[in-house]
>>> print(open('my_file-v4.cif').read())   # mmCIF, C-alpha atoms and all ligand atoms
data_final
#
loop_
_atom_site.label_atom_id
_atom_site.label_comp_id
_atom_site.auth_asym_id
_atom_site.auth_seq_id
_atom_site.Cartn_x
_atom_site.Cartn_y
_atom_site.Cartn_z
CA MET A 227 -30.66 30.19 -14.13
CA LEU A 228 -27.72 27.83 -14.29
CA ALA A 229 -24.08 28.88 -14.51
CA LYS A 230 -22.70 29.80 -17.92
CA ARG A 231 -20.02 27.11 -17.74
CA VAL A 232 -22.66 24.44 -18.29
CA ASP A 233 -23.72 26.04 -21.56
CA LYS A 234 -20.26 26.50 -22.92
CA ILE A 235 -19.44 22.77 -22.96
CA ALA A 236 -20.95 19.97 -24.99
CA SER A 237 -22.11 16.69 -23.41
CA SER A 238 -19.65 13.84 -23.84
CA PRO A 239 -20.59 12.44 -27.28
CA THR A 240 -19.15 8.99 -26.50
CA LEU A 241 -21.15 8.72 -23.29
CA ALA A 242 -24.29 10.17 -24.94
CA MET A 243 -24.15 7.63 -27.75
CA GLY A 244 -23.47 4.84 -25.23
CA LYS A 245 -26.49 5.92 -23.18
CA LYS A 246 -28.78 6.00 -26.21
CA ALA A 247 -27.62 2.57 -27.33
CA LYS A 248 -28.07 1.08 -23.84
CA GLU A 249 -31.60 2.51 -23.61
CA MET A 250 -32.51 1.01 -26.98
CA ILE A 251 -31.07 -2.36 -25.91
CA ALA A 252 -33.10 -2.17 -22.67
CA ASN A 253 -36.20 -1.65 -24.83
CA GLY A 254 -35.50 -4.89 -26.65
CA ILE A 255 -33.93 -3.33 -29.77
CA ASP A 256 -31.05 -5.33 -31.22
CA VAL A 257 -28.38 -2.59 -31.17
CA VAL A 258 -24.71 -3.33 -31.80
CA ASN A 259 -23.03 -0.90 -29.45
CA LEU A 260 -19.50 0.04 -30.50
CA SER A 261 -19.78 3.52 -29.06
CA GLN A 262 -17.84 3.65 -25.81
CA GLY A 263 -14.28 2.48 -25.45
CA GLU A 264 -14.65 -0.16 -22.80
CA PRO A 265 -13.36 -3.72 -22.89
CA ASP A 266 -16.09 -6.35 -23.06
CA PHE A 267 -14.03 -8.64 -20.82
CA ASN A 268 -14.82 -9.15 -17.15
CA THR A 269 -12.40 -7.57 -14.70
CA PRO A 270 -9.98 -10.46 -13.92
CA GLU A 271 -11.15 -12.41 -10.89
CA ASN A 272 -8.02 -11.91 -8.77
CA ILE A 273 -8.62 -8.14 -9.06
CA SER A 274 -12.30 -8.27 -8.07
CA ASN A 275 -11.43 -10.65 -5.22
CA ALA A 276 -8.91 -8.17 -3.81
CA ALA A 277 -11.72 -5.63 -3.46
CA ILE A 278 -14.03 -8.19 -1.85
CA THR A 279 -11.32 -9.19 0.64
CA ALA A 280 -10.70 -5.52 1.51
CA ILE A 281 -14.41 -4.92 2.06
CA LYS A 282 -14.74 -7.99 4.31
CA ALA A 283 -11.71 -6.89 6.33
CA HIS A 284 -13.30 -3.45 6.77
CA LEU A 285 -10.33 -1.80 5.07
CA THR A 286 -12.82 0.15 3.00
CA ASP A 287 -14.76 1.79 5.82
CA SER A 288 -12.71 4.98 6.18
CA TYR A 289 -11.30 7.81 4.09
CA THR A 290 -7.79 7.30 2.74
CA ALA A 291 -5.21 9.95 1.91
CA THR A 292 -6.73 12.30 -0.69
CA ASN A 293 -4.18 11.30 -3.33
CA GLY A 294 -4.59 7.58 -2.67
CA LEU A 295 -3.44 4.74 -0.44
CA ALA A 296 0.31 4.56 0.11
CA GLU A 297 0.14 0.90 -1.05
CA LEU A 298 -1.44 1.94 -4.34
CA LYS A 299 1.08 4.70 -4.95
CA ASN A 300 3.80 2.13 -4.23
CA ALA A 301 2.14 -0.26 -6.68
CA VAL A 302 2.21 2.46 -9.38
CA ILE A 303 5.88 3.10 -8.55
CA ALA A 304 6.73 -0.62 -8.64
CA SER A 305 4.98 -1.20 -11.97
CA THR A 306 6.68 1.89 -13.44
CA LYS A 307 10.02 0.52 -12.31
CA LYS A 308 9.22 -2.91 -13.78
CA ASP A 309 7.89 -1.61 -17.10
CA TYR A 310 10.29 1.28 -17.72
CA ASN A 311 13.08 0.97 -15.15
CA VAL A 312 12.24 4.45 -13.89
CA SER A 313 12.21 5.33 -10.19
CA LEU A 314 9.58 7.67 -8.74
CA SER A 315 8.83 8.94 -5.28
CA PRO A 316 5.33 8.61 -3.73
CA ASP A 317 4.86 12.39 -3.62
CA GLN A 318 5.00 12.44 -7.43
CA VAL A 319 1.95 10.16 -7.75
CA VAL A 320 -1.67 11.32 -7.45
CA ILE A 321 -4.36 8.64 -7.56
CA THR A 322 -7.72 9.88 -8.85
CA THR A 323 -11.25 8.69 -9.56
CA GLY A 324 -10.42 7.64 -13.12
CA ALA A 325 -7.86 9.20 -15.45
CA LYS A 326 -10.62 11.56 -16.56
CA LEU A 327 -10.54 13.27 -13.16
CA ALA A 328 -6.73 13.37 -13.19
CA LEU A 329 -6.96 15.27 -16.48
CA TYR A 330 -9.72 17.57 -15.24
CA THR A 331 -7.83 18.40 -12.05
CA LEU A 332 -4.68 19.00 -14.03
CA MET A 333 -6.43 21.51 -16.31
CA GLN A 334 -7.70 23.30 -13.21
CA VAL A 335 -4.18 23.37 -11.80
CA LEU A 336 -2.34 24.47 -14.97
CA VAL A 337 -4.71 26.66 -16.95
CA ASN A 338 -5.51 30.29 -16.19
CA PRO A 339 -8.35 32.09 -18.01
CA GLY A 340 -7.22 32.77 -21.57
CA ASP A 341 -4.30 30.30 -21.54
CA LEU A 342 -3.84 28.37 -24.76
CA VAL A 343 -3.95 24.55 -24.69
CA ILE A 344 -3.25 22.64 -27.90
CA THR A 345 -3.51 19.04 -29.03
CA PRO A 346 -3.39 17.33 -32.42
CA ALA A 347 -6.72 16.36 -34.03
CA PRO A 348 -8.32 13.93 -33.79
CA TYR A 349 -8.32 14.01 -30.02
CA TRP A 350 -10.25 12.42 -27.17
CA VAL A 351 -13.56 14.21 -26.66
CA SER A 352 -13.07 15.40 -23.07
CA TYR A 353 -9.84 17.37 -23.58
CA SER A 354 -11.57 20.30 -25.27
CA GLU A 355 -14.37 20.53 -22.73
CA GLN A 356 -12.06 20.23 -19.73
CA VAL A 357 -9.95 23.10 -21.07
CA LYS A 358 -13.09 25.21 -21.50
CA LEU A 359 -14.11 24.40 -17.92
CA ALA A 360 -10.81 25.93 -16.83
CA ASP A 361 -11.60 29.02 -18.98
CA GLY A 362 -8.68 28.17 -21.24
CA ILE A 363 -8.57 28.49 -25.01
CA PHE A 364 -8.53 25.08 -26.68
CA LYS A 365 -7.02 24.72 -30.12
CA ALA A 366 -6.72 21.54 -32.15
CA ILE A 367 -3.83 21.36 -34.60
CA ASN A 368 -4.33 19.41 -37.81
CA PRO A 369 -1.05 17.54 -38.16
CA SER A 370 0.65 17.43 -41.53
CA ASN A 371 1.65 13.82 -40.80
CA THR A 372 -0.54 11.23 -42.59
CA LYS A 373 -0.96 9.29 -39.37
CA PHE A 374 -2.37 12.30 -37.55
CA LYS A 375 0.77 12.62 -35.45
CA LEU A 376 1.98 16.02 -34.35
CA THR A 377 5.43 16.82 -35.73
CA LEU A 378 8.16 19.25 -34.88
CA GLU A 379 7.35 21.05 -38.13
CA ASP A 380 3.75 21.59 -36.98
CA LEU A 381 4.99 22.96 -33.66
CA ASN A 382 7.49 25.26 -35.30
CA GLN A 383 4.70 26.76 -37.40
CA LEU A 384 2.53 27.83 -34.45
CA ASP A 385 1.97 31.58 -34.21
CA THR A 386 1.41 31.46 -30.44
CA THR A 387 3.28 29.33 -27.96
CA PRO A 388 0.73 27.42 -25.89
CA LYS A 389 0.88 27.00 -22.15
CA VAL A 390 0.01 23.31 -22.39
CA LEU A 391 0.32 20.61 -25.05
CA ILE A 392 -1.69 17.40 -24.65
CA LEU A 393 -0.44 14.31 -26.45
CA ASN A 394 -2.19 10.96 -26.38
CA THR A 395 -0.18 7.90 -27.35
CA PRO A 396 -1.49 5.31 -28.22
CA ASN A 397 -4.19 7.58 -29.56
CA ASN A 398 -7.92 7.55 -29.08
CA PRO A 399 -9.47 7.69 -31.71
CA SER A 400 -6.84 7.22 -34.44
CA GLY A 401 -4.86 4.28 -33.04
CA ALA A 402 -1.56 6.02 -33.87
CA VAL A 403 1.47 5.49 -31.61
CA TYR A 404 4.40 7.93 -31.47
CA SER A 405 7.87 6.52 -32.11
CA LYS A 406 10.72 7.20 -29.71
CA LYS A 407 12.21 9.79 -32.03
CA GLU A 408 8.90 11.59 -32.58
CA LEU A 409 8.31 11.76 -28.86
CA GLU A 410 11.84 12.90 -28.11
CA GLN A 411 11.47 15.77 -30.58
CA ILE A 412 8.19 16.89 -29.03
CA ILE A 413 9.50 16.65 -25.47
CA SER A 414 12.57 18.66 -26.36
CA TRP A 415 10.42 21.31 -28.09
CA THR A 416 8.18 21.68 -25.00
CA LYS A 417 11.28 22.03 -22.85
CA SER A 418 12.84 24.65 -25.09
CA GLN A 419 9.57 26.61 -25.16
CA ASP A 420 8.77 26.11 -21.46
CA VAL A 421 5.44 24.42 -22.29
CA TYR A 422 3.64 21.94 -20.02
CA LEU A 423 3.31 18.55 -21.71
CA ILE A 424 0.50 16.22 -20.65
CA LEU A 425 1.16 12.72 -21.97
CA ASP A 426 -1.98 10.60 -21.80
CA GLU A 427 -0.66 7.02 -21.83
CA ILE A 428 -3.83 5.22 -20.78
CA TYR A 429 -3.61 2.82 -23.77
CA GLY A 430 0.13 2.21 -23.29
CA LYS A 431 -0.24 -1.54 -22.79
CA LEU A 432 -2.39 -1.91 -25.90
CA VAL A 433 -0.14 -1.87 -28.96
CA TYR A 434 -0.10 -4.35 -31.85
CA GLY A 435 2.13 -5.94 -34.47
CA ASP A 436 5.74 -4.92 -34.05
CA THR A 437 4.82 -1.53 -32.58
CA ILE A 438 6.67 -0.56 -29.42
CA PHE A 439 5.08 1.83 -26.97
CA HIS A 440 7.45 4.52 -25.69
CA SER A 441 6.49 6.21 -22.47
CA GLY A 442 7.47 9.79 -21.74
CA LEU A 443 8.75 8.37 -18.45
CA THR A 444 11.74 6.87 -20.24
CA LEU A 445 12.50 10.07 -22.14
CA SER A 446 12.24 12.76 -19.50
CA SER A 447 12.68 13.01 -15.79
CA LEU A 448 9.48 14.32 -14.23
CA ALA A 449 11.04 15.97 -11.20
CA ASP A 450 11.58 19.69 -11.84
CA SER A 451 9.96 19.32 -15.24
CA LYS A 452 6.69 20.32 -16.89
CA VAL A 453 6.03 16.81 -18.22
CA ILE A 454 3.04 15.04 -16.68
CA ILE A 455 2.03 11.43 -17.30
CA ILE A 456 -1.59 10.28 -17.13
CA ASN A 457 -2.50 6.62 -16.79
CA GLY A 458 -5.01 4.28 -15.16
CA VAL A 459 -6.36 0.77 -14.90
CA SER A 460 -9.56 1.23 -16.97
CA LYS A 461 -8.40 -0.01 -20.33
CA ALA A 462 -5.59 -2.54 -19.83
CA TYR A 463 -7.28 -4.36 -16.92
CA ALA A 464 -10.93 -4.13 -18.08
CA MET A 465 -11.74 -1.89 -15.11
CA THR A 466 -13.64 1.06 -16.61
CA GLY A 467 -16.32 0.87 -13.91
CA TRP A 468 -13.85 0.91 -11.01
CA ARG A 469 -12.71 4.46 -11.71
CA ILE A 470 -9.03 4.48 -10.80
CA GLY A 471 -6.47 6.57 -12.67
CA TRP A 472 -3.46 8.66 -11.77
CA ALA A 473 -1.11 11.47 -12.67
CA ILE A 474 2.65 11.34 -12.25
CA ALA A 475 4.34 14.72 -12.12
CA ASP A 476 6.75 17.02 -10.41
CA VAL A 477 5.87 17.30 -6.73
CA THR A 478 4.67 20.93 -7.04
CA ILE A 479 2.08 19.95 -9.64
CA ALA A 480 1.16 16.78 -7.70
CA ASN A 481 0.63 18.76 -4.48
CA ALA A 482 -1.54 21.32 -6.25
CA MET A 483 -3.70 18.53 -7.68
CA THR A 484 -4.06 16.97 -4.22
CA LYS A 485 -5.08 20.33 -2.77
CA LEU A 486 -7.94 20.55 -5.28
CA LEU A 487 -8.94 16.91 -4.93
CA GLY A 488 -9.35 17.48 -1.20
CA HIS A 489 -12.39 19.55 -2.10
CA LEU A 490 -13.59 17.32 -4.91
CA THR A 491 -13.49 13.67 -3.86
CA SER A 492 -11.60 13.42 -0.52
CA ASN A 493 -10.22 10.16 -1.93
CA PRO A 494 -10.93 7.63 -4.67
CA THR A 495 -13.26 4.77 -3.60
CA VAL A 496 -11.24 2.52 -1.31
CA ALA A 497 -12.43 -0.88 -2.60
CA ALA A 498 -11.44 0.21 -6.11
CA GLN A 499 -8.01 1.27 -4.83
CA TYR A 500 -7.45 -2.22 -3.39
CA ALA A 501 -8.54 -3.74 -6.71
CA ALA A 502 -6.05 -1.49 -8.53
CA ILE A 503 -3.21 -2.60 -6.22
CA GLU A 504 -3.90 -6.21 -7.23
CA ALA A 505 -4.18 -5.20 -10.91
CA LEU A 506 -0.71 -3.63 -10.84
CA THR A 507 1.10 -6.09 -8.56
CA GLY A 508 -0.72 -9.38 -9.31
CA PRO A 509 -0.29 -11.69 -12.34
CA GLN A 510 -0.23 -9.80 -15.63
CA ASP A 511 -1.21 -12.66 -17.99
CA SER A 512 -4.79 -11.41 -18.39
CA VAL A 513 -3.49 -8.13 -19.84
CA GLU A 514 -1.60 -10.01 -22.54
CA ILE A 515 -4.55 -12.32 -23.25
CA MET A 516 -6.85 -9.32 -23.75
CA ARG A 517 -4.24 -7.50 -25.85
CA GLN A 518 -3.91 -10.49 -28.18
CA GLU A 519 -7.68 -10.72 -28.48
CA PHE A 520 -7.90 -6.99 -29.35
CA GLU A 521 -5.21 -7.49 -31.98
CA LYS A 522 -7.17 -10.35 -33.60
CA ARG A 523 -10.28 -8.17 -33.68
CA LEU A 524 -8.35 -5.24 -35.14
CA ASN A 525 -7.00 -7.45 -37.92
CA PHE A 526 -10.44 -8.86 -38.65
CA LEU A 527 -12.14 -5.47 -38.73
CA TYR A 528 -9.41 -3.68 -40.62
CA GLN A 529 -9.55 -6.28 -43.36
CA ASN A 530 -13.33 -6.28 -43.55
CA LEU A 531 -13.86 -2.52 -43.32
CA SER A 532 -11.16 -1.83 -45.90
CA ILE A 533 -13.30 -3.41 -48.61
CA ILE A 534 -16.49 -1.50 -47.84
CA ASP A 535 -17.34 1.09 -50.47
CA ASN A 536 -17.63 4.76 -49.53
CA ILE A 537 -15.50 4.58 -46.39
CA SER A 538 -11.72 4.58 -46.01
CA ILE A 539 -9.35 4.00 -43.11
CA PRO A 540 -6.41 6.42 -43.36
CA PHE A 541 -3.90 3.89 -41.95
CA LYS A 542 -3.93 0.66 -40.01
CA PRO A 543 -4.17 1.48 -36.30
CA VAL A 544 -1.34 0.12 -34.14
CA GLY A 545 -2.62 0.89 -30.65
CA SER A 546 -5.67 1.56 -28.40
CA PHE A 547 -8.89 -0.20 -29.53
CA TYR A 548 -10.51 2.08 -32.07
CA ILE A 549 -10.81 2.41 -35.83
CA PHE A 550 -11.35 5.96 -37.08
CA PHE A 551 -12.57 5.98 -40.66
CA LYS A 552 -13.49 8.57 -43.25
CA VAL A 553 -16.79 8.77 -45.08
CA ASP A 554 -16.69 9.57 -48.77
CA LEU A 555 -17.98 13.10 -49.37
CA LYS A 556 -19.80 12.11 -52.57
CA PHE A 557 -21.68 9.42 -50.65
CA MET A 558 -22.78 12.04 -48.13
CA GLN A 559 -23.89 14.44 -50.85
CA ARG A 560 -25.70 11.71 -52.80
CA HIS A 561 -27.70 10.71 -49.75
CA GLY A 562 -28.28 14.23 -48.43
CA TYR A 563 -26.25 13.92 -45.25
CA ASN A 564 -24.94 17.27 -44.07
CA SER A 565 -22.48 15.88 -41.55
CA THR A 566 -21.10 12.68 -40.07
CA ASN A 567 -23.26 13.52 -37.04
CA ASP A 568 -26.26 12.87 -39.31
CA ILE A 569 -24.67 9.62 -40.48
CA SER A 570 -24.03 8.49 -36.93
CA MET A 571 -27.72 9.12 -36.12
CA ALA A 572 -28.86 7.35 -39.29
CA LEU A 573 -26.67 4.34 -38.46
CA LEU A 574 -28.29 4.14 -35.05
CA THR A 575 -31.88 4.43 -36.24
CA GLU A 576 -31.66 2.55 -39.54
CA GLU A 577 -28.99 -0.06 -38.87
CA LYS A 578 -29.10 -0.21 -35.06
CA LEU A 579 -25.37 0.40 -34.96
CA ALA A 580 -23.99 2.83 -32.36
CA ILE A 581 -20.76 4.58 -33.36
CA PRO A 582 -19.94 8.22 -32.56
CA SER A 583 -19.03 10.70 -35.28
CA GLY A 584 -15.73 12.53 -35.71
CA GLU A 585 -17.19 15.94 -34.78
CA GLY A 586 -16.61 15.45 -31.04
CA PHE A 587 -13.05 14.29 -31.78
CA GLY A 588 -12.31 17.49 -33.67
CA MET A 589 -12.48 15.84 -37.08
CA PRO A 590 -15.81 15.99 -38.91
CA GLY A 591 -16.12 13.62 -41.85
CA TYR A 592 -15.06 10.59 -39.81
CA LEU A 593 -16.69 7.97 -37.59
CA ARG A 594 -15.10 6.03 -34.74
CA LEU A 595 -15.81 2.50 -33.67
CA SER A 596 -14.46 0.61 -30.69
CA TYR A 597 -13.41 -2.99 -31.33
CA ALA A 598 -13.23 -3.84 -27.63
CA LYS A 599 -16.35 -5.89 -28.30
CA SER A 600 -17.14 -9.56 -28.97
CA GLU A 601 -16.34 -11.13 -32.32
CA ASP A 602 -20.04 -11.75 -32.97
CA GLU A 603 -20.81 -8.07 -32.46
CA LEU A 604 -17.97 -7.09 -34.77
CA VAL A 605 -19.15 -9.48 -37.50
CA GLU A 606 -22.66 -8.05 -37.19
CA ALA A 607 -21.35 -4.45 -37.18
CA THR A 608 -19.44 -5.16 -40.40
CA LYS A 609 -22.62 -6.43 -42.06
CA ARG A 610 -24.57 -3.38 -40.95
CA LEU A 611 -21.88 -1.00 -42.19
CA GLN A 612 -21.72 -2.85 -45.50
CA HIS A 613 -25.49 -2.53 -45.86
CA PHE A 614 -25.51 1.19 -44.97
CA PHE A 615 -22.60 2.26 -47.16
CA LEU A 616 -23.65 0.25 -50.24
N1 LIG B 1 -7.83 9.38 -21.83
C1 LIG B 1 -8.28 8.78 -22.94
C2 LIG B 1 -7.56 9.01 -24.21
C3 LIG B 1 -9.41 7.95 -22.90
O1 LIG B 1 -9.84 7.37 -24.01
C4 LIG B 1 -10.07 7.77 -21.68
C5 LIG B 1 -11.29 6.89 -21.71
N2 LIG B 1 -12.26 7.06 -20.86
C6 LIG B 1 -9.56 8.42 -20.54
C7 LIG B 1 -8.44 9.21 -20.65
C8 LIG B 1 -10.21 8.33 -19.18
O2 LIG B 1 -10.17 7.04 -18.65
P1 LIG B 1 -10.77 6.69 -17.24
O3 LIG B 1 -11.39 7.91 -16.68
O4 LIG B 1 -11.73 5.58 -17.46
O5 LIG B 1 -9.60 6.25 -16.39
N1 LIG B 2 -12.68 6.89 -23.28
C1 LIG B 2 -13.75 6.08 -23.76
C2 LIG B 2 -14.17 6.53 -25.14
O1 LIG B 2 -13.53 7.36 -25.73
C3 LIG B 2 -14.88 5.99 -22.77
C4 LIG B 2 -15.94 7.04 -22.82
C5 LIG B 2 -15.45 8.38 -22.35
O2 LIG B 2 -15.09 8.48 -21.20
O3 LIG B 2 -15.40 9.27 -23.19
O4 LIG B 2 -15.13 6.01 -25.65
#
>>> encode(input="my_file-v4.cif", output="C-alpha cells")
Amino acid sequence: MLAKRVDKIASSPTLAMGKKAKEMIANGIDVVNLSQGEPDFNTPENISNAAITAIKAHLTDSYTATNGLAELKNAVIASTKKDYNVSLSPDQVVITTGAKLALYTLMQVLVNPGDLVITPAPYWVSYSEQVKLADGIFKAINPSNTKFKLTLEDLNQLDTTPKVLILNTPNNPSGAVYSKKELEQIISWTKSQDVYLILDEIYGKLVYGDTIFHSGLTLSSLADSKVIIINGVSKAYAMTGWRIGWAIADVTIANAMTKLLGHLTSNPTVAAQYAAIEALTGPQDSVEIMRQEFEKRLNFLYQNLSIIDNISIPFKPVGSFYIFFKVDLKFMQRHGYNSTNDISMALLTEEKLAIPSGEGFGMPGYLRLSYAKSEDELVEATKRLQHFFL
C-alpha cells in the first residue's frame, strides 16, 4: 500500500492535459495543444551553445555546490542588479531544478503540519498540492478586485492570520500584474502580521502594453525579512526543458533550503546551469523579440475570443502568456455540462483542442489557454472554440 500523501494530492492538471494532447498528436490526431505554458520558440542558440561548450570541456562531469555554481549565483546577482539596481549576496541565492522545486523546497522549509498558507484564486495549480505535501492547510482567497488581485481589504477581512502568503505577479492563469502601490500594501501587511511572503515572479519579463512589472526586490530588502522571491529561466528564455529556477531569500531560509536539496537533487544539472549563466549574462534581445511576439498573439486572441458567444474574458491580460476565460452558465446547462472539467474534456475529444479547466486553478467555471504557441495554432484554436461555443 502506498503512502497516504500520494492520495491526498491531485495530478498536475496542466501536465496531464499536455500528456494527453501529446499522445493524441503522436497517434496522428490533429490536436491544437494550448495546455501547458511553454514557449514554442527554440532556446536561443547562444544559450544552447554554452551548454555544449561546457559539456565538451568536461565542466559537466562532476557535482556542483548543492545550491548551484558560484558563477550562476553571480549571474543571478548581476542580472538582479541590472534589472532592479538591488544588491544581493551569493548566500541569499539558491539555484534549483526549476522554479517548481524551489517552491516545493520552500514549502517544506516554511510549513509545519496544520500551518495555513493562502493565495488569491485563480492560482497556479502546483501551489495547493505542494502545501498539502508539507501537511499545511491551503486556502484560496477569492479577491474582491475585478482583476483577481488580492487587496489589503481582503487581507484585513481574514479570520486567521496565515503563516505564508503566495503571490504570483504576473499571474498564471489570469495575466494580472500588481501595481507598485498594490504590492507595497501587501508587503507592508505581511510585515505587520509577521507572515512569510512568497513572490513568484517567473513571468516578470513578460508584460505588455504600458504595464510595468514591479518586483518585490525593489520594495523590500530580503535580508532579515520573510519575503522570498522565486524566479527562473523557463519562461523568458524559452528554457522549460532545462529545469533551472531559483529562490532569493534571507540567508537562514536559503540555508535551510540548501540543507533539504542536499538530500533531494545534490545539485541542478550542470549543463543546464551553464546554459542559464549564458541566458542571464549574454545578449538579451531574444527575450524582447519573444515578448513582442507574445504581445501580438495576446492582442490577436483577445480580440477574436472577445466576440465568441457564451464565453467572456473578465479583463485583458497584461502579463504572462495565458487567457483565462469564463464559460456562460446557461450554455453549460443547455448542453448538459456539469463542470468546466467536462467542457475541457469535450473540447479535447470533439474539437481536438487541449485547454485545461479552471478547477485546478481554484476557479471552476473558467478555462485557461496558453498563447505561447504559433499564430497558425492560435488561428485554428479560435476556429475550434467558435465552433464549440456556437
Ligand atoms: N510558477 C508559475 C506561476 C508557473 O506557471 C510555473 C510554470 N511551470 C512555475 C512556477 C515553475 O516553472 P519551472 O519549474 O519551469 O521553472
Ligand atoms: N507552468 C506551466 C503551466 O501552468 C507549465 C506546466 C506546469 O508546470 O504546471 O502550464
>>> closest_residue(input="my_file-v4.cif", among="A:Ala328, A:Met243, A:Val605, A:Ala283", to="ligand LIG 2 (chain B)", atoms="only C-alpha atoms and all ligand atoms")
A:Met243
>>> closest_residue(input="my_file-v4.cif", among="A:Val357, A:Ala473, A:Leu228, A:Leu376", to="ligand LIG 1 (chain B)", atoms="all atoms listed in the file")
A:Ala473
>>> closest_residue(input="my_file-v4.cif", among="A:Ser546, A:Ile344, A:Glu355, A:Glu576", to="A:Asn368", atoms="all atoms listed in the file")
A:Ile344
>>> closest_residue(input="my_file-v4.cif", among="A:Asn530, A:Ser446, A:Ser354, A:Asn382", to="A:Lys234", atoms="only C-alpha atoms")
A:Ser354
>>> residues_near_ligand(input="my_file-v4.cif", ligand="ligand LIG 2 (chain B)", cutoff="9 Å", atoms="all atoms listed in the file", output="count of residues only")
22
>>> residues_near_ligand(input="my_file-v4.cif", ligand="ligand LIG 1 (chain B)", cutoff="7 Å", atoms="all atoms listed in the file", output="ChimeraX atom specification")
/A:263,324-327,350,394,397-398,426,428,458-460,466,469-471
>>> residues_around(input="my_file-v4.cif", residues="A:Ala296", least_positions_apart="3", cutoff="10 Å", atoms="only C-alpha atoms", output="PDB file with C-alpha atoms, in the frame of the given file")
ATOM      1  CA  THR A 290      -7.790   7.300   2.740  1.00  0.00           C
ATOM      2  CA  ALA A 291      -5.210   9.950   1.910  1.00  0.00           C
ATOM      3  CA  ASN A 293      -4.180  11.300  -3.330  1.00  0.00           C
ATOM      4  CA  LYS A 299       1.080   4.700  -4.950  1.00  0.00           C
ATOM      5  CA  ASN A 300       3.800   2.130  -4.230  1.00  0.00           C
ATOM      6  CA  ALA A 301       2.140  -0.260  -6.680  1.00  0.00           C
ATOM      7  CA  VAL A 302       2.210   2.460  -9.380  1.00  0.00           C
ATOM      8  CA  PRO A 316       5.330   8.610  -3.730  1.00  0.00           C
ATOM      9  CA  ASP A 317       4.860  12.390  -3.620  1.00  0.00           C
ATOM     10  CA  VAL A 319       1.950  10.160  -7.750  1.00  0.00           C
ATOM     11  CA  ILE A 321      -4.360   8.640  -7.560  1.00  0.00           C
TER      12      ILE A 321
END
>>> atom_distance(input="my_file-v4.cif", atom1="atom CA of A:Glu606", atom2="atom CA of A:Val258")
7.5 Å
>>> closest_residue(input="my_file-v4.cif", among="A:Met465, A:Ile581, A:Ile424, A:Val343", to="A:Thr386", atoms="all atoms listed in the file")
A:Val343
